[in-house]
$ cat coords-v4.cif   # mmCIF, C-alpha atoms
data_input
#
loop_
_atom_site.label_atom_id
_atom_site.label_comp_id
_atom_site.auth_asym_id
_atom_site.auth_seq_id
_atom_site.Cartn_x
_atom_site.Cartn_y
_atom_site.Cartn_z
CA MET N 16 113.37 112.81 87.72
CA SER N 17 112.46 109.40 86.33
CA TYR N 18 112.00 106.50 88.74
CA ARG N 19 110.47 103.07 89.28
CA LEU N 20 107.65 103.09 91.85
CA THR N 21 106.08 100.10 93.54
CA ILE N 22 102.82 100.68 95.44
CA VAL N 23 101.54 98.04 97.86
CA VAL N 24 97.99 97.92 99.22
CA PRO N 25 95.80 95.06 100.51
CA SER N 26 93.32 95.26 97.63
CA LEU N 27 91.74 97.49 95.02
CA SER N 28 88.29 96.79 96.35
CA LEU N 29 86.06 99.27 98.18
CA GLY N 30 87.73 101.82 100.43
CA GLY N 31 89.56 105.10 100.78
CA ALA N 32 93.09 103.67 100.89
CA GLU N 33 92.37 101.56 97.82
CA GLY N 34 91.13 104.60 95.93
CA VAL N 35 94.21 106.58 96.92
CA ALA N 36 96.51 103.77 95.77
CA ALA N 37 94.78 103.67 92.39
CA MET N 38 94.94 107.47 92.09
CA MET N 39 98.67 107.46 92.84
CA ALA N 40 99.43 104.65 90.41
CA ASN N 41 97.41 106.26 87.63
CA HIS N 42 98.92 109.71 88.17
CA TRP N 43 102.50 108.50 87.97
CA ALA N 44 101.75 106.19 85.04
CA LYS N 45 100.41 109.22 83.15
CA GLN N 46 103.71 110.96 84.02
CA GLU N 47 105.43 108.03 82.26
CA GLN N 48 107.01 106.70 85.42
CA ALA N 49 107.38 102.92 85.73
CA VAL N 50 104.65 101.94 88.20
CA THR N 51 103.87 98.55 89.71
CA LEU N 52 100.86 98.06 91.97
CA ILE N 53 100.79 94.96 94.18
CA THR N 54 97.83 93.69 96.19
CA LEU N 55 97.47 90.75 98.54
CA ASP N 56 93.95 90.23 97.21
CA SER N 57 92.86 88.82 93.88
CA ALA N 58 92.32 91.13 90.93
CA GLU N 59 88.77 89.77 90.75
CA THR N 60 87.81 92.03 93.68
CA ASP N 61 89.07 95.22 91.97
CA THR N 62 86.62 98.11 91.77
CA PHE N 63 89.20 100.77 90.87
CA ALA N 64 90.49 100.86 87.29
CA LEU N 65 94.17 101.35 86.46
CA GLU N 66 95.92 102.98 83.52
CA GLU N 67 97.34 100.58 80.95
CA GLY N 68 100.86 101.59 81.92
CA VAL N 69 100.51 100.25 85.48
CA GLN N 70 101.94 96.79 86.02
CA ARG N 71 99.36 94.98 88.17
CA ILE N 72 100.40 92.10 90.46
CA ALA N 73 97.65 90.39 92.46
CA LEU N 74 98.96 87.77 94.90
CA ASP N 75 95.54 86.30 95.84
CA LEU N 76 96.61 85.67 99.44
CA MET N 77 93.78 87.26 101.44
CA GLN N 78 92.21 84.07 102.82
CA ASP N 79 91.15 84.14 106.46
CA SER N 80 93.11 82.28 109.16
CA GLY N 81 91.33 79.83 111.44
CA ASN N 82 93.74 80.11 114.36
CA LEU N 83 96.97 81.76 115.51
CA PHE N 84 99.27 79.13 113.99
CA GLN N 85 97.50 79.34 110.65
CA ALA N 86 97.69 83.14 110.79
CA ILE N 87 101.45 82.99 111.36
CA SER N 88 101.85 80.53 108.50
CA ASN N 89 99.69 82.60 106.16
CA ASN N 90 101.58 85.79 106.93
CA ARG N 91 104.94 84.12 106.38
CA LEU N 92 103.66 83.04 102.98
CA ARG N 93 102.45 86.58 102.27
CA ILE N 94 105.82 88.05 103.22
CA ASN N 95 107.67 85.59 100.96
CA TYR N 96 105.44 86.21 97.96
CA LEU N 97 105.44 89.95 98.59
CA GLN N 98 109.23 89.97 98.82
CA ALA N 99 109.53 88.18 95.48
CA ALA N 100 106.98 90.45 93.77
CA ILE N 101 108.62 93.64 95.02
CA ALA N 102 112.07 92.37 94.01
CA ARG N 103 110.82 91.59 90.48
CA SER N 104 109.53 95.14 90.11
CA GLN N 105 113.06 96.49 90.76
CA PRO N 106 111.80 99.61 92.55
CA ASP N 107 113.62 102.82 93.29
CA VAL N 108 110.95 103.48 95.92
CA VAL N 109 108.29 101.35 97.63
CA ILE N 110 105.08 102.95 98.96
CA SER N 111 102.83 100.94 101.27
CA LEU N 112 99.35 101.96 102.43
CA THR N 113 97.48 100.82 105.58
CA ASP N 114 98.80 99.60 108.92
CA ARG N 115 99.09 95.79 108.60
CA MET N 116 100.20 96.09 104.99
CA ASN N 117 102.95 98.44 106.16
CA VAL N 118 104.21 95.82 108.61
CA LEU N 119 104.25 93.06 105.98
CA THR N 120 105.95 95.34 103.43
CA LEU N 121 108.69 96.37 105.87
CA LEU N 122 109.33 92.72 106.73
CA ALA N 123 109.40 91.81 103.03
CA THR N 124 111.84 94.61 102.11
CA GLY N 125 114.17 94.13 105.06
CA LYS N 126 117.16 93.19 102.90
CA MET N 127 116.42 95.60 100.04
CA ARG N 128 118.26 98.90 99.73
CA CYS N 129 115.46 100.98 98.25
CA PRO N 130 113.68 103.52 100.50
CA VAL N 131 110.28 102.44 101.79
CA PHE N 132 107.48 104.92 102.50
CA ILE N 133 104.63 103.74 104.68
CA SER N 134 101.30 105.48 105.16
CA GLU N 135 98.75 105.30 107.97
CA ARG N 136 95.31 105.80 106.45
CA SER N 137 93.24 105.84 109.64
CA ASP N 138 93.73 107.18 113.16
CA PRO N 139 95.81 104.71 115.24
CA ARG N 140 94.46 106.29 118.42
CA HIS N 141 91.06 104.81 117.61
CA HIS N 142 91.61 102.08 115.02
CA PRO N 143 92.63 98.86 116.82
CA ILE N 144 94.69 96.34 114.86
CA GLY N 145 95.27 93.76 117.60
CA ARG N 146 98.00 93.34 120.20
CA LEU N 147 100.40 91.34 118.00
CA TRP N 148 100.06 93.69 115.02
CA SER N 149 100.52 96.71 117.30
CA PHE N 150 103.71 95.15 118.66
CA LEU N 151 104.99 94.43 115.13
CA ARG N 152 104.10 97.95 114.02
CA LYS N 153 106.25 99.50 116.72
CA ARG N 154 109.11 97.13 115.90
CA THR N 155 109.01 97.51 112.10
CA TYR N 156 107.99 101.14 111.47
CA PRO N 157 111.43 102.52 112.42
CA ARG N 158 112.79 100.71 109.33
CA ALA N 159 110.77 102.99 107.03
CA ARG N 160 112.33 105.95 105.25
CA THR N 161 109.25 108.03 106.06
CA LEU N 162 105.89 107.52 107.74
CA VAL N 163 103.23 109.55 105.95
CA VAL N 164 100.13 110.49 107.94
CA GLN N 165 97.19 112.71 107.11
CA THR N 166 96.88 115.01 110.14
CA GLN N 167 99.16 116.70 112.63
CA GLY N 168 97.35 115.02 115.52
CA VAL N 169 98.22 111.56 114.21
CA ALA N 170 101.81 112.69 113.59
CA ASP N 171 102.14 113.86 117.21
CA PHE N 172 100.71 110.57 118.47
CA CYS N 173 103.06 108.44 116.34
CA ARG N 174 106.12 110.42 117.47
CA GLN N 175 105.64 109.00 120.95
CA TRP N 176 106.84 105.60 119.73
CA LEU N 177 108.77 106.59 116.61
CA LYS N 178 111.39 108.90 118.05
CA SER N 179 113.83 108.78 115.13
CA THR N 180 111.55 108.03 112.15
CA HIS N 181 110.82 110.84 109.73
CA ILE N 182 107.07 111.62 109.85
CA GLU N 183 105.43 113.70 107.15
CA VAL N 184 101.87 115.08 107.10
CA ILE N 185 100.22 114.89 103.67
CA PRO N 186 96.43 115.38 103.70
CA ASN N 187 94.34 113.60 101.11
CA ALA N 188 93.61 115.34 97.84
CA VAL N 189 90.11 115.86 96.49
CA PRO N 190 89.51 112.58 94.63
CA VAL N 191 89.67 112.76 90.85
CA PRO N 192 86.36 111.72 89.21
CA ARG N 193 86.68 108.33 87.55
CA SER N 194 84.81 109.52 84.49
CA PRO N 195 86.17 112.46 82.44
CA GLU N 196 82.53 113.31 81.65
CA VAL N 197 81.79 114.39 85.24
CA PRO N 198 81.29 118.18 85.05
CA ALA N 199 83.13 120.63 87.27
CA VAL N 200 81.10 122.38 89.97
CA SER N 201 81.17 126.13 90.54
CA ALA N 202 79.09 128.75 92.32
CA GLU N 203 77.42 129.41 88.97
CA THR N 204 76.45 125.78 88.38
CA LEU N 205 75.17 125.50 91.95
CA ALA N 206 72.87 128.47 91.34
CA VAL N 207 71.05 126.55 88.60
CA ARG N 208 71.23 123.04 90.09
CA THR N 209 67.84 121.35 90.42
CA PRO N 210 66.68 121.60 94.06
CA SER N 211 66.96 118.34 95.99
CA ASN N 212 65.55 116.94 99.21
CA VAL N 213 68.14 114.18 99.50
CA ILE N 214 70.57 113.71 102.38
CA LEU N 215 73.59 111.59 101.50
CA GLY N 216 76.04 109.44 103.41
CA LEU N 217 78.94 107.69 101.69
CA GLY N 218 81.31 105.06 103.05
CA ARG N 219 81.82 101.52 104.20
CA LEU N 220 78.87 100.12 106.14
CA SER N 221 80.96 99.44 109.24
CA HIS N 222 80.94 100.45 112.89
CA GLU N 223 83.48 103.26 112.67
CA LYS N 224 81.51 105.07 109.95
CA GLY N 225 78.61 105.64 112.37
CA PHE N 226 75.66 105.32 109.98
CA ASP N 227 73.56 103.89 112.81
CA ARG N 228 73.79 107.32 114.45
CA LEU N 229 72.81 109.09 111.24
CA LEU N 230 69.74 106.85 111.02
CA ASP N 231 68.79 107.72 114.61
CA ALA N 232 69.16 111.44 113.91
CA PHE N 233 67.14 111.27 110.70
CA ALA N 234 64.44 109.14 112.34
CA SER N 235 63.79 111.92 114.84
CA LEU N 236 63.06 114.32 111.95
CA ALA N 237 61.43 112.07 109.35
CA ALA N 238 57.82 112.83 110.31
CA GLU N 239 58.49 116.58 110.38
CA PHE N 240 60.15 116.46 106.93
CA PRO N 241 58.18 113.79 105.02
CA ASP N 242 59.49 114.97 101.62
CA TRP N 243 63.13 114.40 102.56
CA ARG N 244 65.04 111.19 101.80
CA LEU N 245 68.23 109.72 103.26
CA ARG N 246 70.48 107.74 100.92
CA ILE N 247 73.54 105.93 102.31
CA LEU N 248 75.93 104.78 99.58
CA GLY N 249 78.32 101.94 100.32
CA GLU N 250 78.70 98.30 101.23
CA GLY N 251 80.01 96.53 104.29
CA PRO N 252 79.42 94.09 107.14
CA LEU N 253 76.66 96.11 108.83
CA ARG N 254 74.25 96.22 105.89
CA GLU N 255 71.76 93.79 107.49
CA LEU N 256 71.87 95.53 110.87
CA LEU N 257 71.34 98.94 109.28
CA GLN N 258 68.42 97.61 107.22
CA GLU N 259 66.93 96.13 110.38
CA GLN N 260 67.30 99.53 112.07
CA ILE N 261 65.51 101.17 109.12
CA ASN N 262 62.68 98.64 109.32
CA LYS N 263 62.24 99.02 113.08
CA ARG N 264 62.04 102.79 112.69
CA GLY N 265 59.50 102.47 109.89
CA LEU N 266 61.73 104.40 107.50
CA GLN N 267 61.52 102.12 104.48
CA GLU N 268 59.91 104.86 102.37
CA GLN N 269 62.46 107.53 103.29
CA VAL N 270 65.79 105.71 103.61
CA GLU N 271 67.73 103.87 100.91
CA LEU N 272 70.83 101.65 101.00
CA PRO N 273 71.55 101.40 97.26
CA GLY N 274 75.02 99.89 97.69
CA TRP N 275 78.44 100.80 96.35
CA THR N 276 78.71 103.23 93.45
CA ALA N 277 81.42 103.39 90.81
CA GLU N 278 80.71 107.09 90.19
CA PRO N 279 80.22 108.79 93.56
CA GLU N 280 80.35 112.28 92.06
CA LEU N 281 77.21 111.65 89.98
CA GLN N 282 75.42 110.39 93.08
CA LEU N 283 76.60 113.33 95.18
CA ASP N 284 75.32 115.76 92.55
CA GLN N 285 71.80 114.49 93.28
CA GLY N 286 71.96 115.49 96.95
CA ALA N 287 71.48 118.67 98.96
CA ILE N 288 73.10 117.71 102.26
CA PHE N 289 75.99 115.38 103.06
CA VAL N 290 76.60 113.92 106.52
CA LEU N 291 79.77 112.31 107.87
CA PRO N 292 78.70 110.60 111.14
CA SER N 293 81.99 108.74 111.74
CA ARG N 294 83.20 107.65 115.15
CA TYR N 295 86.75 108.22 113.91
CA GLU N 296 88.49 108.94 110.62
CA GLY N 297 91.88 109.32 109.01
CA PHE N 298 91.21 112.11 106.54
CA PRO N 299 87.84 111.32 104.98
CA ASN N 300 87.79 111.21 101.19
CA ALA N 301 84.00 111.10 101.22
CA LEU N 302 83.76 114.48 102.94
CA LEU N 303 86.28 116.00 100.52
CA GLN N 304 84.28 114.64 97.59
CA ALA N 305 81.02 115.99 98.95
CA MET N 306 82.44 119.45 99.60
CA SER N 307 84.04 119.55 96.15
CA ARG N 308 80.65 118.74 94.58
CA GLY N 309 78.96 121.65 96.35
CA LEU N 310 76.92 119.97 99.07
CA ALA N 311 76.10 121.53 102.42
CA CYS N 312 78.05 119.29 104.75
CA ILE N 313 77.66 118.22 108.37
CA SER N 314 80.31 116.19 110.19
CA TYR N 315 80.95 114.93 113.64
CA ASP N 316 84.00 116.69 115.03
CA CYS N 317 85.87 113.42 115.52
CA GLU N 318 89.51 113.63 116.48
CA SER N 319 91.17 113.40 113.08
CA GLY N 320 90.25 114.96 109.76
CA PRO N 321 86.92 116.81 109.57
CA ALA N 322 87.99 119.94 111.48
CA GLU N 323 90.85 120.39 109.01
CA MET N 324 88.34 120.63 106.16
CA ILE N 325 85.25 122.23 107.73
CA ARG N 326 85.31 125.68 109.27
CA SER N 327 82.06 125.43 111.14
CA GLU N 328 79.33 127.85 110.12
CA THR N 329 81.54 129.01 107.21
CA ASN N 330 81.79 126.07 104.79
CA GLY N 331 79.91 123.39 106.72
CA LEU N 332 78.74 122.42 110.18
CA LEU N 333 80.73 120.53 112.82
CA VAL N 334 78.80 118.92 115.65
CA PRO N 335 80.15 117.48 118.92
CA ALA N 336 81.39 113.93 118.49
CA ASP N 337 78.91 111.22 119.55
CA SER N 338 75.92 113.55 120.09
CA VAL N 339 72.95 112.27 118.07
CA SER N 340 70.77 115.12 119.31
CA GLU N 341 73.26 117.76 118.08
CA LEU N 342 73.47 115.96 114.75
CA ALA N 343 69.68 116.00 114.48
CA GLN N 344 69.60 119.73 115.29
CA ALA N 345 72.18 120.47 112.58
CA LEU N 346 70.20 118.41 110.08
CA LYS N 347 67.01 120.22 111.00
CA ARG N 348 68.70 123.60 110.44
CA LEU N 349 69.83 122.68 106.96
CA MET N 350 66.68 120.84 105.93
CA GLY N 351 64.66 123.92 106.84
CA ASP N 352 66.91 126.63 105.43
CA GLU N 353 67.68 126.56 101.70
CA ALA N 354 69.65 129.81 101.85
CA LEU N 355 71.96 128.40 104.51
CA ARG N 356 72.46 125.24 102.49
CA HIS N 357 73.43 127.28 99.44
CA ARG N 358 75.83 129.53 101.36
CA LEU N 359 77.67 126.59 102.93
CA ALA N 360 77.74 124.68 99.63
CA VAL N 361 79.36 127.55 97.73
CA ALA N 362 81.99 128.04 100.44
CA ALA N 363 82.69 124.29 100.52
CA LEU N 364 83.97 124.40 96.93
CA GLN N 365 87.19 126.01 98.18
CA VAL N 366 88.48 122.56 99.23
CA THR N 367 89.25 121.91 95.57
CA GLU N 368 92.07 124.43 95.82
CA ARG N 369 93.10 123.82 99.44
CA PHE N 370 93.44 120.06 98.88
CA SER N 371 94.28 119.94 95.21
CA VAL N 372 95.78 116.95 93.43
CA GLU N 373 98.68 119.16 92.30
CA LYS N 374 99.65 120.05 95.88
CA TYR N 375 99.29 116.43 96.97
CA PHE N 376 101.64 115.03 94.36
CA LEU N 377 104.11 117.89 94.64
CA HIS N 378 104.54 117.00 98.31
CA TRP N 379 104.98 113.29 97.57
CA GLU N 380 107.40 113.89 94.72
CA GLN N 381 109.60 116.14 96.83
CA LEU N 382 109.92 113.32 99.37
CA ILE N 383 110.61 110.72 96.68
CA ASP N 384 113.21 112.83 94.87
CA GLN N 385 115.04 113.48 98.13
CA ALA N 386 114.95 109.82 99.16
CA ILE N 387 116.28 108.60 95.79
CA SER N 388 119.03 111.23 95.75
CA GLU N 389 120.14 110.25 99.26
CA SER N 390 120.04 106.54 98.45
CA LYS N 391 122.47 107.04 95.55
CA THR N 392 125.05 108.93 97.59
#
$ encode --input "coords-v4.cif" --output "structure tokens"
Amino acid sequence: MSYRLTIVVPSLSLGGAEGVAAMMANHWAKQEQAVTLITLDSAETDTFALEEGVQRIALDLMQDSGNLFQAISNNRLRINYLQAAIARSQPDVVISLTDRMNVLTLLATGKMRCPVFISERSDPRHHPIGRLWSFLRKRTYPRARTLVVQTQGVADFCRQWLKSTHIEVIPNAVPVPRSPEVPAVSAETLAVRTPSNVILGLGRLSHEKGFDRLLDAFASLAAEFPDWRLRILGEGPLRELLQEQINKRGLQEQVELPGWTAEPELQLDQGAIFVLPSRYEGFPNALLQAMSRGLACISYDCESGPAEMIRSETNGLLVPADSVSELAQALKRLMGDEALRHRLAVAALQVTERFSVEKYFLHWEQLIDQAISESKT
């Protein structure tokens, strides 16, 4: 079926939702669908590239608000511009990603007849968006054709306040490498990979990602494993605090914060161990990427996401949420046991099939086909 798709996301800057939006737009553009991607932010902040066939609309309306009245005024302006941009794209279907963006999109499409899909990209049980936005979310979400979430736990939580809204669970797919030159990873390639003493973290340098806890865990082992290095890839508001933590612990020679990377797969291929120390997640792309690249992975067993990817002691290690000592013990096990690292890494590669791009888009396209068919009857 041929259709016109409009995807709405706050920006194409750093982040999991932004990467997913770009992946979706590029996939459907390659399928010769008519795709428009709209962001509130300027195109100057883009870090994700789009196929030539994607119509890109950047509204440049992401300025901060100084007070409540200015916030209301700014959001009215965003809704008006968003409404006009969506209308110009003449969509058969609108897809919005992230909580506040979902609210604005539903307000902007209130008088349009096309079905609107909205997607929660984090865990609303743990990701606060403010009292007013929470109120608006509960008022506007019932207008959506479907709410797409990434785990059954989030679906069950949302059903408490969305009694009649259709909720669909679609886990993330293993991210597609940005460069076609990135080689595939197999058990055979892992067997000949150059040994590494690098532990990797990947994500936004923000509170929910928990890199402060990873630093504490590594600090307790650094003297015992002087040849090991910790490399945390990403950017965010806590960079200075994390660097200060590194300095206070005297870890400048063993810990790096190299910043954001445009090719995470190439960076992951240089590591031996990957750690996801998040306080909460939606369905972490970084962990999927690391498992698909054949790293031995450790994750906190936070409420949403990791336990659906990692079967502890089989294809990775899950440790109790919030326990730095348990995280340190898991790290020590892997740092000291190359055979265990290899066994977990080989088993981790199975995520490429379990969470394949093909399965992901088949699920989405079934929903879209059904929604368009129903809208025409």
$ resolve_selection --input "coords-v4.cif" --expression "the PyMOL selection byres ((chain N and resi 69-78) around 6)" --output "number ranges by chain"
N: 50-58, 66-68, 79
$ resolve_selection --input "coords-v4.cif" --expression "the PyMOL selection byres ((chain N and resi 320) around 8)" --output "ChimeraX atom specification"
/N:165-166,296-299,317-319,321-324
$ residues_near_point --input "coords-v4.cif" --point "(92.1, 105.3, 98.2)" --cutoff "9 Å" --atoms "all atoms listed in the file" --output "tab-separated table (two decimals) with C-alpha atoms, keeping the file's coordinate frame"
chain	number	residue	atom	x	y	z
N	27	LEU	CA	91.74	97.49	95.02
N	29	LEU	CA	86.06	99.27	98.18
N	30	GLY	CA	87.73	101.82	100.43
N	31	GLY	CA	89.56	105.10	100.78
N	32	ALA	CA	93.09	103.67	100.89
N	33	GLU	CA	92.37	101.56	97.82
N	34	GLY	CA	91.13	104.60	95.93
N	35	VAL	CA	94.21	106.58	96.92
N	36	ALA	CA	96.51	103.77	95.77
N	37	ALA	CA	94.78	103.67	92.39
N	38	MET	CA	94.94	107.47	92.09
N	39	MET	CA	98.67	107.46	92.84
N	136	ARG	CA	95.31	105.80	106.45
N	190	PRO	CA	89.51	112.58	94.63
N	300	ASN	CA	87.79	111.21	101.19
$ resolve_selection --input "coords-v4.cif" --expression "the PyMOL selection byres ((chain N and resi 268) around 12)" --output "JSON, numbers by chain"
{"N": [234, 237, 238, 241, 242, 243, 244, 245, 246, 261, 262, 264, 265, 266, 267, 269, 270, 271, 272]}
$ atom_distance --input "coords-v4.cif" --atom1 "CA of Arg228 (chain N)" --atom2 "CA of Asn187 (chain N)"
25.3 Å
$ atom_distance --input "coords-v4.cif" --atom1 "CA of Pro279 (chain N)" --atom2 "CA of Glu353 (chain N)"
23.2 Å
$ residues_around --input "coords-v4.cif" --residues "Arg160 (chain N)" --least-positions-apart "2" --cutoff "6 Å" --atoms "all atoms listed in the file" --output "number ranges by chain"
N: 130-132
$ write_last_selection --input "coords-v4.cif" --atoms "C-alpha atoms" --output "CSV table (one decimal), keeping the file's coordinate frame"
chain,number,residue,atom,x,y,z
N,130,PRO,CA,113.7,103.5,100.5
N,131,VAL,CA,110.3,102.4,101.8
N,132,PHE,CA,107.5,104.9,102.5
$ atom_distance --input "coords-v4.cif" --atom1 "CA of Glu280 (chain N)" --atom2 "CA of Ser26 (chain N)"
22.1 Å
$ residues_around --input "coords-v4.cif" --residues "region 102-119 of chain N" --least-positions-apart "3" --cutoff "6 Å" --atoms "only C-alpha atoms" --output "list in words"
Arg19, Leu20, Thr21, Ile22, Val23, Val24, Ile94, Ala99, Leu122, Cys129, Pro130, Val131, Phe132, Ile133, Ser134, Glu135, Arg136 and Arg152 of chain N
$ closest_atom_pairs --input "coords-v4.cif" --of "region 119-229 of chain N" --to "region 289-292 of chain N" --cutoff "10 Å" --atoms "only C-alpha atoms" --output "tab-separated table"
residue	atom	partner	partner_atom	distance
N:Val213	CA	N:Phe289	CA	8.7
N:Ile214	CA	N:Phe289	CA	5.7
N:Leu215	CA	N:Phe289	CA	4.7
N:Gly216	CA	N:Val290	CA	5.5
N:Leu217	CA	N:Leu291	CA	7.8
N:Gly218	CA	N:Leu291	CA	8.8
N:Glu223	CA	N:Pro292	CA	8.9
N:Lys224	CA	N:Pro292	CA	6.3
N:Gly225	CA	N:Pro292	CA	5.1
N:Phe226	CA	N:Pro292	CA	6.2
N:Asp227	CA	N:Pro292	CA	8.6
N:Arg228	CA	N:Pro292	CA	6.8
N:Leu229	CA	N:Pro292	CA	6.1
$ closest_residue --input "coords-v4.cif" --among "N:Ala100, N:Leu333, N:Leu220, N:Leu92" --to "Arg254 (chain N)" --atoms "only C-alpha atoms"
N:Leu220
$ residues_around --input "coords-v4.cif" --residues "Pro198 (chain N)" --least-positions-apart "5" --cutoff "12 Å" --atoms "all atoms listed in the file" --output "VMD selection string"
chain N and resid 191 to 193 204 to 205 280 to 281 284 307 to 308
$ decode --input "coords-v4.cif" --residues "region 166-178 of chain N" --atoms "N, CA and C atoms" --output "CSV table (one decimal), in the first residue's frame"
chain,number,residue,atom,x,y,z
N,166,THR,N,7.3,-1.5,25.9
N,166,THR,CA,7.3,-2.7,26.8
N,166,THR,C,5.9,-2.9,27.3
N,167,GLN,N,5.6,-4.2,27.7
N,167,GLN,CA,4.3,-4.5,28.3
N,167,GLN,C,4.1,-3.8,29.6
N,168,GLY,N,5.1,-3.6,30.4
N,168,GLY,CA,4.9,-2.9,31.6
N,168,GLY,C,4.4,-1.5,31.5
N,169,VAL,N,5.0,-0.8,30.5
N,169,VAL,CA,4.5,0.6,30.2
N,169,VAL,C,3.1,0.6,29.7
N,170,ALA,N,2.8,-0.4,28.8
N,170,ALA,CA,1.4,-0.6,28.3
N,170,ALA,C,0.4,-0.7,29.4
N,171,ASP,N,0.7,-1.6,30.4
N,171,ASP,CA,-0.2,-1.8,31.5
N,171,ASP,C,-0.4,-0.6,32.3
N,172,PHE,N,0.7,0.2,32.5
N,172,PHE,CA,0.6,1.4,33.3
N,172,PHE,C,-0.3,2.4,32.6
N,173,CYS,N,-0.1,2.6,31.3
N,173,CYS,CA,-0.8,3.6,30.5
N,173,CYS,C,-2.3,3.2,30.4
N,174,ARG,N,-2.7,1.9,30.5
N,174,ARG,CA,-4.1,1.5,30.4
N,174,ARG,C,-4.9,2.0,31.6
N,175,GLN,N,-4.2,2.3,32.7
N,175,GLN,CA,-4.9,2.9,33.9
N,175,GLN,C,-5.6,4.2,33.6
N,176,TRP,N,-5.0,5.0,32.7
N,176,TRP,CA,-5.7,6.3,32.4
N,176,TRP,C,-6.0,6.4,30.9
N,177,LEU,N,-5.9,5.3,30.1
N,177,LEU,CA,-6.3,5.4,28.7
N,177,LEU,C,-7.2,4.1,28.5
N,178,LYS,N,-8.4,4.2,29.1
N,178,LYS,CA,-9.2,3.0,29.1
N,178,LYS,C,-9.6,2.5,27.7
